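Listing of entry00.json, JSON, C-alpha atoms
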```
[["chain", "number", "residue", "atom", "x", "y", "z"],
["A", 30, "ILE", "CA", 14.30, -16.94, -9.18],
["A", 31, "VAL", "CA", 13.30, -20.13, -7.34],
["A", 32, "SER", "CA", 16.69, -20.33, -5.64],
["A", 33, "MET", "CA", 16.33, -16.69, -4.57],
["A", 34, "ILE", "CA", 12.93, -17.45, -3.01],
["A", 35, "ASN", "CA", 14.48, -20.36, -1.15],
["A", 36, "GLU", "CA", 17.37, -18.17, 0.03],
["A", 37, "ILE", "CA", 14.91, -15.63, 1.44],
["A", 38, "GLY", "CA", 13.09, -18.45, 3.18],
["A", 39, "ASP", "CA", 16.32, -19.84, 4.68],
["A", 40, "MET", "CA", 17.04, -16.46, 6.27],
["A", 41, "PHE", "CA", 13.84, -16.67, 8.34],
["A", 42, "VAL", "CA", 13.79, -20.35, 9.31],
["A", 43, "THR", "CA", 15.39, -19.87, 12.74],
["A", 44, "GLN", "CA", 13.13, -16.92, 13.63],
["A", 45, "MET", "CA", 10.04, -18.83, 12.56],
["A", 46, "GLU", "CA", 11.03, -21.84, 14.64],
["A", 47, "GLN", "CA", 11.68, -19.70, 17.71],
["A", 48, "LYS", "CA", 8.20, -18.18, 17.42],
["A", 49, "HIS", "CA", 6.64, -21.56, 16.54],
["A", 50, "ILE", "CA", 5.32, -20.26, 13.22],
["A", 51, "LYS", "CA", 4.68, -22.74, 10.43],
["A", 52, "PHE", "CA", 6.66, -21.37, 7.47],
["A", 53, "ASN", "CA", 5.79, -22.70, 3.99],
["A", 54, "ILE", "CA", 7.71, -22.08, 0.78],
["A", 55, "LYS", "CA", 5.94, -23.00, -2.44],
["A", 56, "THR", "CA", 7.57, -22.69, -5.86],
["A", 57, "LYS", "CA", 5.97, -23.43, -9.21],
["A", 58, "ALA", "CA", 8.03, -21.96, -12.04],
["A", 59, "ILE", "CA", 8.64, -23.47, -15.46],
["A", 60, "ASN", "CA", 11.51, -21.10, -16.24],
["A", 61, "GLU", "CA", 13.72, -20.53, -13.20],
["A", 62, "TRP", "CA", 16.08, -18.04, -14.84],
["A", 63, "VAL", "CA", 14.58, -14.55, -14.94],
["A", 64, "MET", "CA", 16.01, -11.16, -15.88],
["A", 65, "CYS", "CA", 15.22, -8.78, -13.01],
["A", 66, "ASP", "CA", 16.79, -6.52, -10.40],
["A", 67, "LYS", "CA", 17.70, -9.20, -7.87],
["A", 68, "MET", "CA", 18.65, -6.73, -5.15],
["A", 69, "CYS", "CA", 15.37, -4.79, -5.33],
["A", 70, "LEU", "CA", 13.24, -7.93, -5.57],
["A", 71, "SER", "CA", 15.07, -9.49, -2.62],
["A", 72, "ARG", "CA", 14.54, -6.32, -0.61],
["A", 73, "VAL", "CA", 10.80, -6.33, -1.32],
["A", 74, "LEU", "CA", 10.47, -9.99, -0.34],
["A", 75, "LEU", "CA", 12.52, -9.49, 2.83],
["A", 76, "ASN", "CA", 10.20, -6.67, 3.87],
["A", 77, "LEU", "CA", 7.04, -8.64, 3.09],
["A", 78, "VAL", "CA", 8.18, -11.71, 5.03],
["A", 79, "SER", "CA", 9.50, -9.53, 7.86],
["A", 80, "ASN", "CA", 6.15, -7.74, 8.22],
["A", 81, "ALA", "CA", 4.27, -11.04, 8.06],
["A", 82, "TYR", "CA", 6.51, -12.41, 10.83],
["A", 83, "LYS", "CA", 6.04, -9.29, 12.91],
["A", 84, "PHE", "CA", 2.23, -9.41, 12.85],
["A", 85, "THR", "CA", 1.74, -13.19, 13.06],
["A", 86, "ASP", "CA", 1.12, -14.66, 16.48],
["A", 87, "PRO", "CA", 2.97, -17.73, 17.81],
["A", 88, "GLU", "CA", 1.56, -20.96, 16.34],
["A", 89, "GLY", "CA", 0.53, -18.97, 13.25],
["A", 90, "GLU", "CA", 1.33, -19.70, 9.62],
["A", 91, "ILE", "CA", 3.16, -17.83, 6.83],
["A", 92, "THR", "CA", 3.45, -18.92, 3.19],
["A", 93, "LEU", "CA", 5.96, -17.52, 0.70],
["A", 94, "SER", "CA", 5.16, -18.63, -2.84],
["A", 95, "ILE", "CA", 6.00, -18.01, -6.47],
["A", 96, "LYS", "CA", 3.98, -19.16, -9.46],
["A", 97, "GLN", "CA", 4.61, -18.70, -13.17],
["A", 98, "GLU", "CA", 1.27, -17.95, -14.83],
["A", 99, "GLU", "CA", 1.58, -16.68, -18.38],
["A", 100, "THR", "CA", 4.32, -17.18, -20.96],
["A", 101, "PHE", "CA", 4.47, -15.42, -24.32],
["A", 102, "ASP", "CA", 7.39, -14.65, -26.64],
["A", 103, "ASP", "CA", 10.11, -15.31, -24.01],
["A", 104, "LYS", "CA", 8.21, -13.21, -21.45],
["A", 105, "ALA", "CA", 6.35, -14.52, -18.45],
["A", 106, "THR", "CA", 4.15, -13.35, -15.57],
["A", 107, "TYR", "CA", 5.27, -14.43, -12.13],
["A", 108, "VAL", "CA", 3.04, -14.04, -9.09],
["A", 109, "ILE", "CA", 5.00, -13.81, -5.84],
["A", 110, "SER", "CA", 2.96, -13.72, -2.66],
["A", 111, "VAL", "CA", 3.38, -13.71, 1.11],
["A", 112, "LYS", "CA", 0.31, -14.85, 3.04],
["A", 113, "ASP", "CA", -0.12, -14.93, 6.80],
["A", 114, "ASN", "CA", -2.90, -15.32, 9.33],
["A", 115, "GLY", "CA", -1.84, -12.42, 11.51],
["A", 116, "ILE", "CA", -4.26, -9.84, 12.87],
["A", 117, "GLY", "CA", -4.82, -6.66, 10.91],
["A", 118, "MET", "CA", -7.07, -4.67, 8.62],
["A", 119, "SER", "CA", -6.41, -7.13, 5.81],
["A", 120, "GLU", "CA", -7.72, -9.95, 8.00],
["A", 121, "GLU", "CA", -10.98, -8.07, 8.57],
["A", 122, "PHE", "CA", -11.44, -7.46, 4.85],
["A", 123, "SER", "CA", -10.33, -10.95, 3.83],
["A", 124, "LYS", "CA", -13.48, -12.38, 5.44],
["A", 125, "TYR", "CA", -15.43, -10.83, 2.56],
["A", 126, "CYS", "CA", -12.93, -10.48, -0.30],
["A", 127, "ASN", "CA", -9.39, -11.22, -1.43],
["A", 128, "VAL", "CA", -6.89, -8.58, -0.31],
["A", 129, "ILE", "CA", -3.84, -7.45, -2.28],
["A", 130, "THR", "CA", -1.46, -5.29, -0.23],
["A", 131, "MET", "CA", 1.22, -3.29, -1.99],
["A", 132, "ASP", "CA", 3.90, -0.73, -1.21],
["A", 133, "PHE", "CA", 5.49, 1.89, -3.45],
["A", 134, "ARG", "CA", 9.21, 1.95, -4.32],
["A", 135, "GLY", "CA", 10.82, 2.61, -0.96],
["A", 136, "HIS", "CA", 7.83, 3.97, 1.00],
["A", 137, "GLY", "CA", 6.27, 2.56, 4.14],
["A", 138, "HIS", "CA", 8.52, -0.05, 5.76],
["A", 139, "SER", "CA", 10.51, -0.81, 2.61],
["A", 140, "THR", "CA", 14.11, 0.25, 2.47],
["A", 141, "GLY", "CA", 16.47, 1.95, 0.06],
["A", 142, "PHE", "CA", 17.33, 5.51, -0.90],
["A", 143, "TYR", "CA", 14.09, 6.53, -2.59],
["A", 144, "THR", "CA", 11.81, 9.51, -2.73],
["A", 145, "PHE", "CA", 8.44, 10.03, -4.38],
["A", 146, "THR", "CA", 8.75, 10.08, -8.17],
["A", 147, "SER", "CA", 6.29, 10.26, -11.04],
["A", 148, "LYS", "CA", 6.42, 6.51, -11.75],
["A", 149, "GLU", "CA", 4.42, 5.05, -8.84],
["A", 150, "ILE", "CA", 1.19, 5.31, -10.82],
["A", 151, "ILE", "CA", 2.59, 2.57, -13.08],
["A", 152, "ASP", "CA", 2.89, 0.30, -10.03],
["A", 153, "ILE", "CA", -0.71, 0.68, -8.92],
["A", 154, "LEU", "CA", -2.11, 0.42, -12.46],
["A", 155, "THR", "CA", -0.19, -2.83, -12.86],
["A", 156, "VAL", "CA", -1.80, -4.26, -9.71],
["A", 157, "ILE", "CA", -5.23, -3.01, -10.80],
["A", 158, "HIS", "CA", -4.78, -4.66, -14.19],
["A", 159, "PHE", "CA", -3.83, -7.91, -12.44],
["A", 160, "ALA", "CA", -6.95, -7.73, -10.24],
["A", 161, "HIS", "CA", -9.28, -6.72, -13.08],
["A", 162, "LYS", "CA", -8.49, -9.93, -14.96],
["A", 163, "ARG", "CA", -9.38, -12.06, -11.94],
["A", 164, "TYR", "CA", -12.13, -10.37, -9.92],
["A", 165, "GLU", "CA", -15.59, -8.94, -10.54],
["A", 166, "LYS", "CA", -15.11, -5.89, -8.32],
["A", 167, "ILE", "CA", -12.10, -3.80, -7.36],
["A", 168, "TYR", "CA", -11.93, -1.71, -4.19],
["A", 169, "LEU", "CA", -8.96, 0.51, -3.40],
["A", 170, "ALA", "CA", -7.90, 1.69, 0.08],
["A", 171, "GLY", "CA", -4.96, 4.08, 0.07],
["A", 172, "PHE", "CA", -3.14, 6.08, 2.70],
["A", 173, "SER", "CA", -1.41, 9.43, 2.07],
["A", 174, "LEU", "CA", 0.53, 9.14, -1.20],
["A", 175, "GLY", "CA", -1.07, 5.74, -1.77],
["A", 176, "GLY", "CA", -4.48, 7.36, -1.42],
["A", 177, "ALA", "CA", -3.50, 10.03, -3.92],
["A", 178, "LEU", "CA", -2.43, 7.40, -6.42],
["A", 179, "SER", "CA", -5.68, 5.50, -5.84],
["A", 180, "LEU", "CA", -7.62, 8.61, -6.84],
["A", 181, "ILE", "CA", -5.42, 9.21, -9.87],
["A", 182, "ALA", "CA", -5.82, 5.57, -10.91],
["A", 183, "ALA", "CA", -9.62, 5.85, -10.59],
["A", 184, "SER", "CA", -9.58, 8.84, -12.93],
["A", 185, "LYS", "CA", -7.82, 6.65, -15.52],
["A", 186, "ARG", "CA", -9.60, 3.31, -15.00],
["A", 187, "LYS", "CA", -13.40, 3.44, -14.82],
["A", 188, "TYR", "CA", -13.80, -0.18, -13.66],
["A", 189, "ILE", "CA", -12.76, 0.61, -10.08],
["A", 190, "ASP", "CA", -15.85, 0.14, -7.90],
["A", 191, "LYS", "CA", -15.07, 1.94, -4.62],
["A", 192, "ILE", "CA", -12.28, 3.88, -2.93],
["A", 193, "ILE", "CA", -11.24, 4.74, 0.60],
["A", 194, "ALA", "CA", -8.76, 7.63, 0.54],
["A", 195, "VAL", "CA", -7.06, 8.41, 3.85],
["A", 196, "SER", "CA", -5.11, 11.65, 4.51],
["A", 197, "VAL", "CA", -4.61, 12.37, 0.83],
["A", 198, "PRO", "CA", -2.55, 15.41, -0.24],
["A", 199, "SER", "CA", -4.39, 17.61, -2.71],
["A", 200, "ASP", "CA", -1.09, 18.82, -4.17],
["A", 201, "PHE", "CA", 2.23, 17.04, -3.54],
["A", 202, "SER", "CA", 4.12, 20.34, -3.45],
["A", 203, "LYS", "CA", 1.94, 21.57, -0.56],
["A", 204, "ILE", "CA", 2.48, 18.70, 1.89],
["A", 205, "GLU", "CA", 3.28, 20.37, 5.18],
["A", 206, "ASN", "CA", 5.67, 17.76, 6.69],
["A", 207, "HIS", "CA", 5.69, 19.45, 10.10],
["A", 208, "PHE", "CA", 8.62, 17.40, 11.35],
["A", 209, "TRP", "CA", 9.12, 19.68, 14.36],
["A", 210, "LYS", "CA", 5.82, 18.56, 15.90],
["A", 211, "LYS", "CA", 6.09, 15.81, 18.50],
["A", 212, "GLU", "CA", 3.52, 13.70, 16.63],
["A", 213, "ALA", "CA", 6.00, 13.49, 13.76],
["A", 214, "TRP", "CA", 9.39, 13.18, 15.44],
["A", 215, "ILE", "CA", 8.56, 10.90, 18.38],
["A", 216, "PRO", "CA", 7.49, 7.93, 16.19],
["A", 217, "THR", "CA", 10.50, 8.56, 13.96],
["A", 218, "PHE", "CA", 13.02, 8.30, 16.79],
["A", 219, "GLN", "CA", 11.17, 5.39, 18.35],
["A", 220, "LYS", "CA", 11.79, 3.51, 15.12],
["A", 221, "PHE", "CA", 15.21, 5.18, 14.72],
["A", 222, "GLU", "CA", 14.49, 6.71, 11.33],
["A", 223, "PRO", "CA", 16.12, 10.18, 11.59],
["A", 224, "VAL", "CA", 16.39, 10.42, 7.80],
["A", 225, "ARG", "CA", 12.59, 10.32, 7.50],
["A", 226, "TRP", "CA", 12.33, 13.20, 9.98],
["A", 227, "CYS", "CA", 14.01, 15.61, 7.58],
["A", 228, "SER", "CA", 12.95, 14.00, 4.32],
["A", 229, "ILE", "CA", 11.47, 16.00, 1.48],
["A", 230, "ARG", "CA", 8.12, 14.31, 1.06],
["A", 231, "PRO", "CA", 7.11, 15.51, -2.44],
["A", 232, "GLY", "CA", 10.23, 13.99, -4.02],
["A", 233, "PHE", "CA", 12.05, 15.30, -7.07],
["A", 234, "ILE", "CA", 10.55, 18.66, -7.95],
["A", 235, "ASN", "CA", 11.57, 18.41, -11.61],
["A", 236, "LEU", "CA", 9.43, 15.32, -12.21],
["A", 237, "LYS", "CA", 5.94, 16.02, -13.50],
["A", 238, "LYS", "CA", 3.27, 14.59, -11.23],
["A", 239, "THR", "CA", -0.51, 14.61, -11.62],
["A", 240, "LYS", "CA", -2.04, 16.62, -8.78],
["A", 241, "PRO", "CA", -4.96, 14.88, -7.08],
["A", 242, "ILE", "CA", -6.87, 18.16, -6.99],
["A", 243, "ASP", "CA", -6.72, 18.30, -10.81],
["A", 244, "ILE", "CA", -8.45, 14.94, -11.25],
["A", 245, "ALA", "CA", -10.84, 14.92, -8.26],
["A", 246, "ASP", "CA", -13.82, 15.75, -10.46],
["A", 247, "LYS", "CA", -12.95, 12.94, -12.89],
["A", 248, "ILE", "CA", -13.47, 10.14, -10.36],
["A", 249, "CYS", "CA", -16.73, 8.25, -10.98],
["A", 250, "CYS", "CA", -16.80, 5.59, -8.27],
["A", 251, "PRO", "CA", -18.08, 6.11, -4.69],
["A", 252, "THR", "CA", -15.26, 7.48, -2.55],
["A", 253, "LEU", "CA", -14.87, 7.75, 1.22],
["A", 254, "PHE", "CA", -12.52, 10.58, 2.20],
["A", 255, "LEU", "CA", -10.96, 10.19, 5.66],
["A", 256, "ALA", "CA", -8.62, 12.59, 7.45],
["A", 257, "GLY", "CA", -6.97, 12.84, 10.85],
["A", 258, "GLU", "CA", -7.55, 16.04, 12.77],
["A", 259, "LYS", "CA", -4.03, 15.87, 14.26],
["A", 260, "ASP", "CA", -2.15, 14.50, 11.25],
["A", 261, "PRO", "CA", 1.26, 16.28, 11.34],
["A", 262, "THR", "CA", 2.23, 15.45, 7.76],
["A", 263, "VAL", "CA", -0.85, 15.87, 5.56],
["A", 264, "CYS", "CA", -3.19, 18.38, 7.19],
["A", 265, "CYS", "CA", -6.90, 17.65, 6.98],
["A", 266, "TRP", "CA", -7.65, 20.59, 4.69],
["A", 267, "HIS", "CA", -6.07, 18.60, 1.82],
["A", 268, "THR", "CA", -8.63, 15.80, 2.06],
["A", 269, "LYS", "CA", -11.51, 18.20, 2.60],
["A", 270, "THR", "CA", -10.52, 20.15, -0.52],
["A", 271, "LEU", "CA", -10.52, 16.95, -2.59],
["A", 272, "TYR", "CA", -13.88, 15.95, -1.14],
["A", 273, "ASP", "CA", -15.38, 19.35, -2.01],
["A", 274, "LYS", "CA", -14.24, 19.13, -5.62],
["A", 275, "ALA", "CA", -15.21, 15.50, -6.22],
["A", 276, "ILE", "CA", -18.57, 15.00, -7.97],
["A", 277, "CYS", "CA", -18.80, 11.22, -7.45],
["A", 278, "PRO", "CA", -20.92, 9.64, -4.69],
["A", 279, "LYS", "CA", -18.87, 10.56, -1.65],
["A", 280, "LYS", "CA", -18.55, 10.95, 2.09],
["A", 281, "TYR", "CA", -16.07, 12.80, 4.32],
["A", 282, "TYR", "CA", -15.14, 11.96, 7.89],
["A", 283, "LEU", "CA", -12.66, 13.80, 10.15],
["A", 284, "PHE", "CA", -11.08, 11.70, 12.91],
["A", 285, "GLU", "CA", -10.06, 12.82, 16.35],
["A", 286, "ASN", "CA", -8.83, 9.27, 17.02],
["A", 287, "CYS", "CA", -8.88, 5.91, 15.22],
["A", 288, "ASP", "CA", -11.59, 4.17, 17.25],
["A", 289, "LYS", "CA", -14.14, 4.09, 14.39],
["A", 290, "PHE", "CA", -11.71, 3.69, 11.52],
["A", 291, "LYS", "CA", -12.13, -0.02, 10.78],
["A", 292, "LYS", "CA", -15.89, 0.18, 11.27],
["A", 293, "LEU", "CA", -16.23, 3.02, 8.75],
["A", 294, "CYS", "CA", -14.05, 1.23, 6.21],
["A", 295, "TYR", "CA", -16.00, -1.99, 6.59],
["A", 296, "GLU", "CA", -19.35, -0.24, 6.22],
["A", 297, "TRP", "CA", -18.21, 1.67, 3.15],
["A", 298, "PHE", "CA", -16.96, -1.40, 1.30],
["A", 299, "PHE", "CA", -19.39, -4.08, 2.38],
["A", 300, "GLU", "CA", -22.62, -2.59, 3.76],
["A", 301, "ASN", "CA", -23.31, 0.26, 1.37],
["A", 302, "ASN", "CA", -23.63, -1.80, -1.82]]
```
Rendering of file as structure tokens:
Amino acid sequence: IVSMINEIGDMFVTQMEQKHIKFNIKTKAINEWVMCDKMCLSRVLLNLVSNAYKFTDPEGEITLSIKQEETFDDKATYVISVKDNGIGMSEEFSKYCNVITMDFRGHGHSTGFYTFTSKEIIDILTVIHFAHKRYEKIYLAGFSLGGALSLIAASKRKYIDKIIAVSVPSDFSKIENHFWKKEAWIPTFQKFEPVRWCSIRPGFINLKKTKPIDIADKICCPTLFLAGEKDPTVCCWHTKTLYDKAICPKKYYLFENCDKFKKLCYEWFFENN
């Protein structure tokens, strides 16, 4: 696994030098041979480093690291991280807390032939478990399907302290996916992602998924529900429906634009304690 980390690093050396970015690779593993899906892990790391490179200014710094933490009965926990000092929402939050950013099995900017399954909840619960062992408080900020999974996770784990749920579908089978609207297809073709334009957002219909609307009243922690008035994929009524059913301390805000987004998120997490 160490050699794979180094191979990923070697792929970016020239780009980093051209942009004058200091690129660090740190490896600390007792057992270097690991049974895993090398292709999938490589793909995840490529995407993480690529995004870090994209959002890091010249003269910035990026660190790719792996550390073996726990070993028990021929099994071990490895923590792989990509840190950068680029500008973004994580940078704003990192002034006040540690930020863990994650993606779900082929969503966002990750690649591969994936659709939404019923297994992503395992991913987020794994990250929450990791954070719970290390931090006093856990805040979740999720967008769209990530927001839905944040709510579902909060219904299962009562030690989550606060949530920001952005454009969350109340029911995966009712996501509109209005791909004919210009707000949906223009960004797709700008990034040359025609497959996403016609994708079936809810995923495999035969897989049982927990509907956010069914667990909204089981969330205990304070939750900020945010929705975009012009969102072409998850219409704002979804988020409003979840807000109406939730019985936890809550607030709902409908955006016309994103001018106040970071301010609202900051206030919810750090000023309303």
(Q) Taking only C-alpha atoms into account, name the residue in A:Cys277, A:Tyr188, A:Lys269, A:Lys237 that is nearest to Tyr164 of chain A. (A)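 Closest to Tyr164 of chain A of all the choices is A:Tyr188.
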Q | Length of the atom CA of Met45 of chain A to atom CA of Ala58 of chain A vector [Å] | A | 24.9 Å
Q) When distances are computed from all atoms listed in the file, which of A:Ala160, A:Cys65, A:Ala256, A:Cys249 shows the smallest separation from Cys126 of chain A? A)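 Looking at the shortest contact to Cys126 of chain A, the residue is A:Ala160.
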(Q) Excluding Asn114 of chain A and its own-chain neighbours fewer than 5 positions away, which residues fall within 8 Å of it when counting only C-alpha atoms? Please give them as a ChimeraX atom specification. (A) /A:85,89-91,120
Q.
Neighbouring residues of Val31 of chain A were defined as those with any atom within 7 Å, considering all atoms listed in the file; residues of the same chain fewer than 2 positions away were excluded. Please report them as a PyMOL selection string.
A. chain A and resi 33-35+56+61
Leaving out Lys166 of chain A and any residue of its chain fewer than 3 positions from it, which residues lie within 12 Å of it when counting all atoms listed in the file, given as a JSON list (two decimals) with C-alpha atoms, in the frame of the given file?
```json
[["chain", "number", "residue", "atom", "x", "y", "z"],
["A", 125, "TYR", "CA", -15.43, -10.83, 2.56],
["A", 126, "CYS", "CA", -12.93, -10.48, -0.30],
["A", 127, "ASN", "CA", -9.39, -11.22, -1.43],
["A", 128, "VAL", "CA", -6.89, -8.58, -0.31],
["A", 157, "ILE", "CA", -5.23, -3.01, -10.80],
["A", 158, "HIS", "CA", -4.78, -4.66, -14.19],
["A", 160, "ALA", "CA", -6.95, -7.73, -10.24],
["A", 161, "HIS", "CA", -9.28, -6.72, -13.08],
["A", 162, "LYS", "CA", -8.49, -9.93, -14.96],
["A", 163, "ARG", "CA", -9.38, -12.06, -11.94],
["A", 169, "LEU", "CA", -8.96, 0.51, -3.40],
["A", 187, "LYS", "CA", -13.40, 3.44, -14.82],
["A", 188, "TYR", "CA", -13.80, -0.18, -13.66],
["A", 189, "ILE", "CA", -12.76, 0.61, -10.08],
["A", 190, "ASP", "CA", -15.85, 0.14, -7.90],
["A", 191, "LYS", "CA", -15.07, 1.94, -4.62],
["A", 192, "ILE", "CA", -12.28, 3.88, -2.93],
["A", 250, "CYS", "CA", -16.80, 5.59, -8.27],
["A", 298, "PHE", "CA", -16.96, -1.40, 1.30],
["A", 299, "PHE", "CA", -19.39, -4.08, 2.38],
["A", 302, "ASN", "CA", -23.63, -1.80, -1.82]]
```
Q | Residue among A:Ser173, A:Ile153, A:Ser199, A:Val78 lying closest to Lys185 of chain A, counting only C-alpha atoms | A |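 For Lys185 of chain A, the nearest of the given residues is A:Ile153.
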**Q.** Point-to-point distance from atom CA of Leu75 of chain A to atom CA of Val42 of chain A, Å rounded to tenths
**A.**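 It comes out at 12.7 Å.
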Near Pro87 of chain A, counting all atoms listed in the file, which residues have an atom at most 8 Å away, once you skip same-chain residues fewer than 5 positions from it, shown as an mmCIF file with C-alpha atoms, in the coordinates of the input?
```cif
data_model
loop_
_atom_site.group_PDB
_atom_site.id
_atom_site.type_symbol
_atom_site.label_atom_id
_atom_site.label_comp_id
_atom_site.auth_asym_id
_atom_site.auth_seq_id
_atom_site.Cartn_x
_atom_site.Cartn_y
_atom_site.Cartn_z
ATOM 1 C CA LYS A 48 8.200 -18.180 17.420
ATOM 2 C CA HIS A 49 6.640 -21.560 16.540
ATOM 3 C CA ILE A 50 5.320 -20.260 13.220
#
```
Q.
Can you tell me which residues surround Phe254 of chain A at a distance of at most 10 Å, considering only C-alpha atoms, apart from same-chain residues fewer than 6 positions away, and format the answer as a count of residues only?
A. 16
As AutoDock Vina command-line options, please report the centre and edge lengths, rounded to one decimal in Å, of the axis-aligned box that holds all listed atoms of segment 249-253 of chain A with 6 Å of padding on each of the six sides.
```
--center_x -16.5 --center_y 6.9 --center_z -4.9 --size_x 15.2 --size_y 14.7 --size_z 24.2
```
Q: Just give me the gap between atom CA of Leu154 of chain A and atom CA of Leu178 of chain A in Å, one decimal is fine.
A: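 Atom-to-atom, atom CA of Leu154 of chain A and atom CA of Leu178 of chain A are spaced 9.2 Å apart.
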Q) Nearest to Lys112 of chain A among A:Ser71, A:Asn53, A:Glu149, A:Ile244, with distances taken over all atoms listed in the file: which residue is it? A)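 Nearest to Lys112 of chain A: A:Asn53.
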Q) Which residue, A:Thr252, A:Asp103, A:Leu180, A:Tyr295, has the smallest gap to Ser123 of chain A when you use only C-alpha atoms? A)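 Of A:Thr252, A:Asp103, A:Leu180, A:Tyr295, the one nearest Ser123 of chain A is A:Tyr295, counting only C-alpha atoms.
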**Q.** Distance criterion (all atoms listed in the file): nearest to Asn60 of chain A out of A:Val156, A:Leu293, A:Ala105, A:Cys264
**A.** A:Ala105
Q.
The residues within 6 Å of (-3.6, 6.9, -8.4), using all atoms listed in the file and the coordinates of the file, should be reported as a list of chain:residue names; which are they?
A.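 Using all atoms listed in the file, the matching residues come out as A:Ile150, A:Ala177, A:Leu178, A:Ser179, A:Leu180, A:Ile181, A:Ala182.
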Just to be explicit: take each residue in the selection above, keep C-alpha atoms, and write the result as an mmCIF file, in the coordinates of the input.
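Written file, out-v1.cif:
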```cif
data_model
loop_
_atom_site.group_PDB
_atom_site.id
_atom_site.type_symbol
_atom_site.label_atom_id
_atom_site.label_comp_id
_atom_site.auth_asym_id
_atom_site.auth_seq_id
_atom_site.Cartn_x
_atom_site.Cartn_y
_atom_site.Cartn_z
ATOM 1 C CA ILE A 150 1.190 5.310 -10.820
ATOM 2 C CA ALA A 177 -3.500 10.030 -3.920
ATOM 3 C CA LEU A 178 -2.430 7.400 -6.420
ATOM 4 C CA SER A 179 -5.680 5.500 -5.840
ATOM 5 C CA LEU A 180 -7.620 8.610 -6.840
ATOM 6 C CA ILE A 181 -5.420 9.210 -9.870
ATOM 7 C CA ALA A 182 -5.820 5.570 -10.910
#
```
